[in-house]
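Colleague: Input data.tsv, format and content: TSV, C-alpha atoms and all ligand atoms.
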```
chain	number	residue	atom	x	y	z
A	1	MET	CA	30.07	-8.91	-15.67
A	2	LYS	CA	29.16	-11.72	-13.34
A	3	LEU	CA	26.77	-11.65	-10.39
A	4	TYR	CA	27.33	-14.15	-7.62
A	5	TYR	CA	23.88	-14.75	-6.19
A	6	ALA	CA	21.81	-17.07	-4.05
A	7	THR	CA	18.16	-17.60	-4.81
A	8	GLY	CA	15.71	-15.72	-2.59
A	9	THR	CA	18.38	-13.53	-0.99
A	10	CYS	CA	19.34	-9.86	-1.18
A	11	SER	CA	21.27	-10.54	-4.40
A	12	LEU	CA	17.92	-10.25	-6.20
A	13	SER	CA	18.21	-6.46	-5.83
A	14	PRO	CA	21.28	-5.90	-8.08
A	15	HIS	CA	19.94	-8.57	-10.41
A	16	ILE	CA	16.75	-6.53	-10.89
A	17	VAL	CA	18.71	-3.30	-11.34
A	18	ALA	CA	20.95	-4.89	-13.99
A	19	LEU	CA	17.96	-6.12	-15.99
A	20	GLU	CA	16.14	-2.79	-15.61
A	21	ALA	CA	19.33	-1.10	-16.88
A	22	GLY	CA	19.53	-3.47	-19.85
A	23	ILE	CA	22.84	-4.93	-18.65
A	24	ALA	CA	23.45	-8.58	-19.47
A	25	LEU	CA	24.85	-10.45	-16.49
A	26	GLU	CA	26.52	-13.79	-16.24
A	27	LEU	CA	25.07	-15.50	-13.15
A	28	GLU	CA	26.86	-17.82	-10.77
A	29	ARG	CA	24.86	-19.34	-7.96
A	30	VAL	CA	26.43	-19.63	-4.51
A	31	ASP	CA	25.33	-22.19	-1.97
A	32	ILE	CA	25.35	-20.09	1.21
A	33	ARG	CA	24.18	-23.04	3.30
A	34	ALA	CA	27.35	-24.99	2.59
A	35	THR	CA	30.44	-24.52	4.78
A	36	PRO	CA	32.48	-23.04	3.26
A	37	HIS	CA	30.08	-21.43	0.79
A	38	ARG	CA	30.54	-22.95	-2.66
A	39	THR	CA	29.64	-21.72	-6.10
A	40	GLU	CA	27.80	-23.92	-8.57
A	41	THR	CA	31.17	-24.79	-10.12
A	42	GLY	CA	32.19	-26.33	-6.79
A	43	ALA	CA	34.70	-23.55	-6.04
A	44	ASP	CA	35.15	-22.27	-2.49
A	45	PHE	CA	33.45	-18.85	-2.69
A	46	THR	CA	35.33	-17.54	0.34
A	47	ALA	CA	38.51	-17.75	-1.74
A	48	ARG	CA	36.91	-15.16	-4.05
A	49	HIS	CA	35.12	-13.05	-1.43
A	50	ALA	CA	36.56	-13.24	2.06
A	51	ASN	CA	33.23	-12.37	3.70
A	52	GLY	CA	31.59	-15.14	1.73
A	53	TYR	CA	28.22	-13.48	1.31
A	54	VAL	CA	26.23	-12.56	-1.76
A	55	PRO	CA	25.76	-10.38	-3.73
A	56	ALA	CA	29.18	-9.92	-5.27
A	57	LEU	CA	29.73	-8.46	-8.70
A	58	GLU	CA	32.72	-9.42	-10.79
A	59	LEU	CA	33.49	-6.47	-13.03
A	60	ASP	CA	34.85	-6.75	-16.53
A	61	ASP	CA	38.40	-6.05	-15.28
A	62	GLY	CA	38.13	-9.08	-12.98
A	63	SER	CA	37.84	-7.08	-9.75
A	64	LEU	CA	35.03	-7.71	-7.29
A	65	LEU	CA	32.51	-5.10	-6.15
A	66	THR	CA	30.70	-6.03	-2.94
A	67	GLU	CA	27.86	-4.53	-0.88
A	68	GLY	CA	24.48	-4.41	-2.54
A	69	ALA	CA	23.90	-0.69	-1.94
A	70	ALA	CA	27.10	0.21	-3.82
A	71	MET	CA	26.50	-2.36	-6.52
A	72	VAL	CA	23.07	-1.08	-7.52
A	73	GLN	CA	24.47	2.43	-7.92
A	74	TYR	CA	27.34	1.13	-10.05
A	75	LEU	CA	24.91	-0.72	-12.31
A	76	ALA	CA	22.52	2.23	-12.50
A	77	ASP	CA	25.35	4.60	-13.42
A	78	LEU	CA	26.37	2.37	-16.33
A	79	ALA	CA	23.02	3.08	-17.95
A	80	PRO	CA	22.03	6.67	-17.08
A	81	GLY	CA	19.27	6.57	-19.69
A	82	ALA	CA	17.39	4.01	-17.59
A	83	ARG	CA	17.13	6.62	-14.78
A	84	LEU	CA	17.55	4.13	-11.95
A	85	ALA	CA	19.71	6.58	-9.96
A	86	PRO	CA	19.67	10.39	-10.08
A	87	PRO	CA	22.95	11.97	-11.27
A	88	ALA	CA	25.85	11.92	-8.78
A	89	GLY	CA	26.18	15.07	-6.72
A	90	THR	CA	22.52	16.05	-6.87
A	91	ALA	CA	20.29	16.27	-3.82
A	92	GLU	CA	18.17	13.50	-5.30
A	93	ARG	CA	21.20	11.19	-5.45
A	94	TYR	CA	21.76	11.69	-1.73
A	95	ARG	CA	18.10	10.88	-1.18
A	96	LEU	CA	18.62	7.62	-3.07
A	97	GLN	CA	21.67	6.86	-0.91
A	98	SER	CA	19.69	7.70	2.19
A	99	TRP	CA	17.04	5.14	1.24
A	100	LEU	CA	19.63	2.51	0.30
A	101	ASN	CA	21.32	2.96	3.66
A	102	PHE	CA	17.99	2.89	5.49
A	103	ILE	CA	17.00	-0.36	3.78
A	104	ALA	CA	20.40	-1.94	4.43
A	105	THR	CA	20.62	-1.07	8.10
A	106	GLU	CA	17.07	-0.63	9.35
A	107	LEU	CA	15.37	-3.38	7.36
A	108	HIS	CA	17.76	-5.87	5.72
A	109	LYS	CA	19.81	-6.42	8.86
A	110	MET	CA	16.72	-6.58	11.04
A	111	TYR	CA	15.06	-9.29	8.95
A	112	SER	CA	18.29	-11.18	8.49
A	113	PRO	CA	19.86	-12.57	10.57
A	114	TRP	CA	17.29	-12.11	13.38
A	115	LEU	CA	14.26	-13.66	11.71
A	116	PHE	CA	16.17	-16.23	9.66
A	117	HIS	CA	17.98	-17.88	12.53
A	118	PRO	CA	15.64	-19.49	15.07
A	119	GLU	CA	18.62	-20.01	17.40
A	120	TYR	CA	18.34	-16.32	18.40
A	121	GLY	CA	15.15	-17.29	20.21
A	122	ALA	CA	11.50	-16.19	20.16
A	123	GLN	CA	12.03	-13.15	22.36
A	124	ALA	CA	14.75	-11.64	20.15
A	125	GLN	CA	12.61	-12.37	17.10
A	126	GLU	CA	9.61	-10.53	18.56
A	127	VAL	CA	11.81	-7.52	19.33
A	128	ALA	CA	13.05	-7.57	15.71
A	129	ARG	CA	9.48	-7.84	14.39
A	130	GLY	CA	8.43	-4.86	16.49
A	131	LYS	CA	11.33	-2.74	15.22
A	132	ILE	CA	10.66	-3.79	11.62
A	133	ALA	CA	6.97	-2.88	12.01
A	134	GLU	CA	7.96	0.64	13.13
A	135	ARG	CA	10.24	1.05	10.13
A	136	LEU	CA	7.65	-0.34	7.70
A	137	ALA	CA	5.07	2.09	9.08
A	138	TYR	CA	7.49	4.91	8.27
A	139	VAL	CA	7.94	3.63	4.70
A	140	ASP	CA	4.19	3.15	4.32
A	141	ARG	CA	3.55	6.77	5.35
A	142	HIS	CA	6.26	7.96	2.97
A	143	LEU	CA	4.74	6.04	0.05
A	144	ALA	CA	1.31	7.49	0.90
A	145	THR	CA	2.54	11.08	0.80
A	146	SER	CA	5.44	10.96	-1.65
A	147	GLY	CA	5.05	7.71	-3.67
A	148	PRO	CA	4.23	5.65	-5.52
A	149	TYR	CA	8.00	4.88	-5.43
A	150	LEU	CA	10.59	5.83	-2.81
A	151	LEU	CA	11.88	8.74	-4.88
A	152	GLY	CA	8.44	9.75	-6.06
A	153	GLU	CA	7.07	9.16	-9.54
A	154	ALA	CA	9.84	7.00	-10.97
A	155	PHE	CA	11.13	3.53	-10.10
A	156	SER	CA	14.74	3.59	-8.84
A	157	ALA	CA	17.44	1.24	-7.57
A	158	ALA	CA	16.16	1.79	-4.02
A	159	ASP	CA	12.80	0.29	-5.00
A	160	ALA	CA	14.50	-2.88	-6.22
A	161	TYR	CA	16.20	-3.21	-2.83
A	162	LEU	CA	13.03	-2.46	-0.83
A	163	PHE	CA	11.05	-4.95	-2.91
A	164	THR	CA	13.69	-7.63	-2.30
A	165	ILE	CA	13.85	-7.20	1.46
A	166	VAL	CA	10.17	-6.64	2.23
A	167	GLY	CA	9.50	-9.62	-0.03
A	168	TRP	CA	10.86	-11.77	2.80
A	169	SER	CA	7.95	-10.80	5.06
A	170	ALA	CA	5.77	-13.88	4.61
A	171	PHE	CA	8.70	-16.20	5.29
A	172	ALA	CA	9.81	-14.10	8.27
A	173	LYS	CA	6.24	-13.85	9.63
A	174	VAL	CA	6.18	-10.08	9.40
A	175	ASP	CA	2.58	-8.97	9.04
A	176	LEU	CA	2.09	-6.51	6.16
A	177	ALA	CA	-1.67	-6.15	6.75
A	178	PRO	CA	-1.25	-2.72	8.46
A	179	PHE	CA	0.73	-1.35	5.50
A	180	PRO	CA	-1.54	-1.00	2.44
A	181	GLN	CA	0.78	1.34	0.54
A	182	LEU	CA	3.62	-1.10	0.95
A	183	ARG	CA	1.47	-4.00	-0.21
A	184	ASP	CA	0.47	-2.00	-3.31
A	185	PHE	CA	4.15	-1.19	-3.82
A	186	LEU	CA	5.09	-4.87	-3.75
A	187	ASP	CA	2.36	-5.65	-6.30
A	188	ARG	CA	3.42	-2.74	-8.52
A	189	VAL	CA	7.12	-3.61	-8.48
A	190	GLY	CA	6.44	-7.34	-8.68
A	191	ALA	CA	4.51	-6.81	-11.91
A	192	ARG	CA	7.44	-5.14	-13.69
A	193	PRO	CA	8.63	-7.36	-16.54
A	194	GLN	CA	12.32	-7.13	-15.57
A	195	VAL	CA	11.57	-7.89	-11.93
A	196	ARG	CA	9.66	-10.97	-13.03
A	197	ALA	CA	12.49	-11.93	-15.36
A	198	ALA	CA	15.11	-11.63	-12.60
A	199	MET	CA	13.00	-13.76	-10.26
A	200	ARG	CA	12.41	-16.40	-12.90
A	201	ALA	CA	16.12	-16.50	-13.78
A	202	GLU	CA	16.87	-17.28	-10.12
A	203	GLY	CA	14.24	-19.99	-10.01
A	204	MET	CA	11.83	-17.95	-7.89
A	205	LYS	CA	8.10	-17.81	-8.41
A	206	ALA	CA	7.16	-14.39	-9.80
A	207	ALA	CA	3.75	-12.96	-8.85
A	208	ALA	CA	0.90	-14.23	-11.05
A	301	LIG	N1	26.47	-6.20	3.83
A	301	LIG	C1	26.08	-7.11	2.77
A	301	LIG	C2	25.20	-8.19	3.38
A	301	LIG	C3	24.82	-9.24	2.38
A	301	LIG	C4	24.06	-10.38	3.03
A	301	LIG	O1	23.53	-10.27	4.15
A	301	LIG	N2	23.96	-11.50	2.28
A	301	LIG	C5	23.32	-12.69	2.77
A	301	LIG	C6	22.15	-13.08	1.87
A	301	LIG	S1	20.85	-11.86	1.94
A	301	LIG	C7	24.31	-13.84	2.72
A	301	LIG	O2	24.93	-14.09	1.70
A	301	LIG	N3	24.45	-14.55	3.84
A	301	LIG	C8	25.35	-15.65	3.95
A	301	LIG	C9	26.51	-15.34	4.87
A	301	LIG	O3	26.54	-14.27	5.50
A	301	LIG	O4	27.42	-16.17	4.97
A	301	LIG	C10	25.35	-6.35	1.66
A	301	LIG	O5	24.61	-5.40	2.01
A	301	LIG	O6	25.51	-6.67	0.47
```
Could you quickly redo this structure as structure tokens?
Ligand SMILES: N[C@@H](CCC(=O)N[C@@H](CS)C(=O)NCC(=O)O)C(=O)O

Modeller:
Amino acid sequence: MKLYYATGTCSLSPHIVALEAGIALELERVDIRATPHRTETGADFTARHANGYVPALELDDGSLLTEGAAMVQYLADLAPGARLAPPAGTAERYRLQSWLNFIATELHKMYSPWLFHPEYGAQAQEVARGKIAERLAYVDRHLATSGPYLLGEAFSAADAYLFTIVGWSAFAKVDLAPFPQLRDFLDRVGARPQVRAAMRAEGMKAAA
């Protein structure tokens, strides 16, 4: 299986889940700044994935699975023993999907593109920061009452995604000072050996 990824982006989330699940991935880096996006082999990535964004997972049958929230569930389901996703059809699985959807729509797509593209302007960016702060406050309260992870006691695929997106906060100038539970969460997840390994494999600096 091959993960198309770009360092420091949302593709870190399925990368973490694969390592936590004990799944060996082939990695192919995509330059998402180039037009058209190119892989490290020089190939035009948009010929492989029409939307051109990462992550994209090439399955063993050669087909491509896209959308991070689906991908992490696929990877988790390949290794049920790792308990990264509750069994399909259970109430807990829907809770996982609820969190994945929340992170994708209420956080991921508020940080990026709004805070990563200065051309949107300072006013739009302040609106995005305000909305993100509301959502982070909600997550912080949830972790305080029902943590230490999103589904409770055990680390899940949703935590890998939350860690990846909220990890953009310093770069995006989102202040995490009001969210102590979330800061503890980032430290806790960032200390996991497989999280550190995924970050190192992408050339990122893992927490000391
Ligand atoms: N809906 C996609 C969004 C993925 C996405 O936003 N990827 C960004 C990196 S975090 C990207 O590759 N951007 C480059 C582009 O859109 O061309 C998902 O959830 O997987």

Colleague: Would you mind listing the residues within 7 Å of ligand LIG 301 (chain A), counting only C-alpha atoms and all ligand atoms, as a ChimeraX atom specification?

Modeller: /A:9-11,32,52-55,66-69,104,112

Colleague: Just checking: using all atoms listed in the file, which residue out of A:Glu20, A:Asp61, A:Glu119, A:Glu106 ends up closest to Ala82 in chain A?

Modeller: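 Looking only at the distances to Ala82 in chain A, the closest residue turns out to be A:Glu20.
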
Colleague: Please indicate the distance in Å from CA of Leu3 in chain A to CA of Leu84 in chain A, rounded to one decimal place.

Modeller: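 If I compute the distance from CA of Leu3 in chain A to CA of Leu84 in chain A, I get 18.3 Å.
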
Colleague: Which residues are close to Gly152 in chain A, i.e. within 12 Å by only C-alpha atoms, leaving aside same-chain residues fewer than 3 positions away? Reply as a list in words.

Modeller: Pro86, Glu92, Arg95, Leu96, His142, Leu143, Ala144, Thr145, Ser146, Gly147, Pro148, Tyr149, Phe155, Ser156, Ala158, Asp159 and Phe185 of chain A

Colleague: For those residues, write C-alpha atoms to a file as a PDB file, in the frame of the given file.

Modeller:
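result_37.pdb written:
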```
ATOM      1  CA  PRO A  86      19.670  10.390 -10.080  1.00  0.00           C
ATOM      2  CA  GLU A  92      18.170  13.500  -5.300  1.00  0.00           C
ATOM      3  CA  ARG A  95      18.100  10.880  -1.180  1.00  0.00           C
ATOM      4  CA  LEU A  96      18.620   7.620  -3.070  1.00  0.00           C
ATOM      5  CA  HIS A 142       6.260   7.960   2.970  1.00  0.00           C
ATOM      6  CA  LEU A 143       4.740   6.040   0.050  1.00  0.00           C
ATOM      7  CA  ALA A 144       1.310   7.490   0.900  1.00  0.00           C
ATOM      8  CA  THR A 145       2.540  11.080   0.800  1.00  0.00           C
ATOM      9  CA  SER A 146       5.440  10.960  -1.650  1.00  0.00           C
ATOM     10  CA  GLY A 147       5.050   7.710  -3.670  1.00  0.00           C
ATOM     11  CA  PRO A 148       4.230   5.650  -5.520  1.00  0.00           C
ATOM     12  CA  TYR A 149       8.000   4.880  -5.430  1.00  0.00           C
ATOM     13  CA  PHE A 155      11.130   3.530 -10.100  1.00  0.00           C
ATOM     14  CA  SER A 156      14.740   3.590  -8.840  1.00  0.00           C
ATOM     15  CA  ALA A 158      16.160   1.790  -4.020  1.00  0.00           C
ATOM     16  CA  ASP A 159      12.800   0.290  -5.000  1.00  0.00           C
ATOM     17  CA  PHE A 185       4.150  -1.190  -3.820  1.00  0.00           C
TER      18      PHE A 185
END
```

Colleague: Wanna dump the range 67-164 of chain A-range 23-28 of chain A contacts at 10 Å for me, each residue with its shortest atom pair and the distance in Å to one decimal, counting all atoms listed in the file, ordered by chain and number, as a Markdown table?

Modeller:
```
| residue | atom | partner | partner_atom | distance |
| --- | --- | --- | --- | --- |
| A:Leu75 | CA | A:Ile23 | CA | 7.9 |
| A:Ala76 | CA | A:Ile23 | CA | 9.4 |
| A:Leu78 | CA | A:Ile23 | CA | 8.4 |
| A:Ala79 | CA | A:Ile23 | CA | 8.0 |
```

Colleague: Contacts of range 188-198 of chain A at 12 Å or less, counting all atoms listed in the file, minus same-chain residues fewer than 4 places along, as a PyMOL selection string?

Modeller: chain A and resi 3+5+7-8+11-25+27+147-150+154-164+166-167+181-184+202-208

Colleague: Considering only C-alpha atoms, return as a ChimeraX atom specification whatever protein or nucleic-acid residues lie within 9 Å of Arg129 in chain A, sequence-local ones (same chain, fewer than 5 positions apart) excluded.

Modeller: /A:110-111,114-115,124,134,172-175

Colleague: Please report the interatomic distance between CA of Gln125 in chain A and CA of Ala137 in chain A in Å with one decimal.

Modeller: 18.2 Å

Colleague: Using all atoms listed in the file, which of the listed residues (A:Arg200, A:Thr46, A:Lys131, A:Thr39) sits closest to His108 in chain A?

Modeller: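 So, comparing all the options, the nearest one is A:Lys131.
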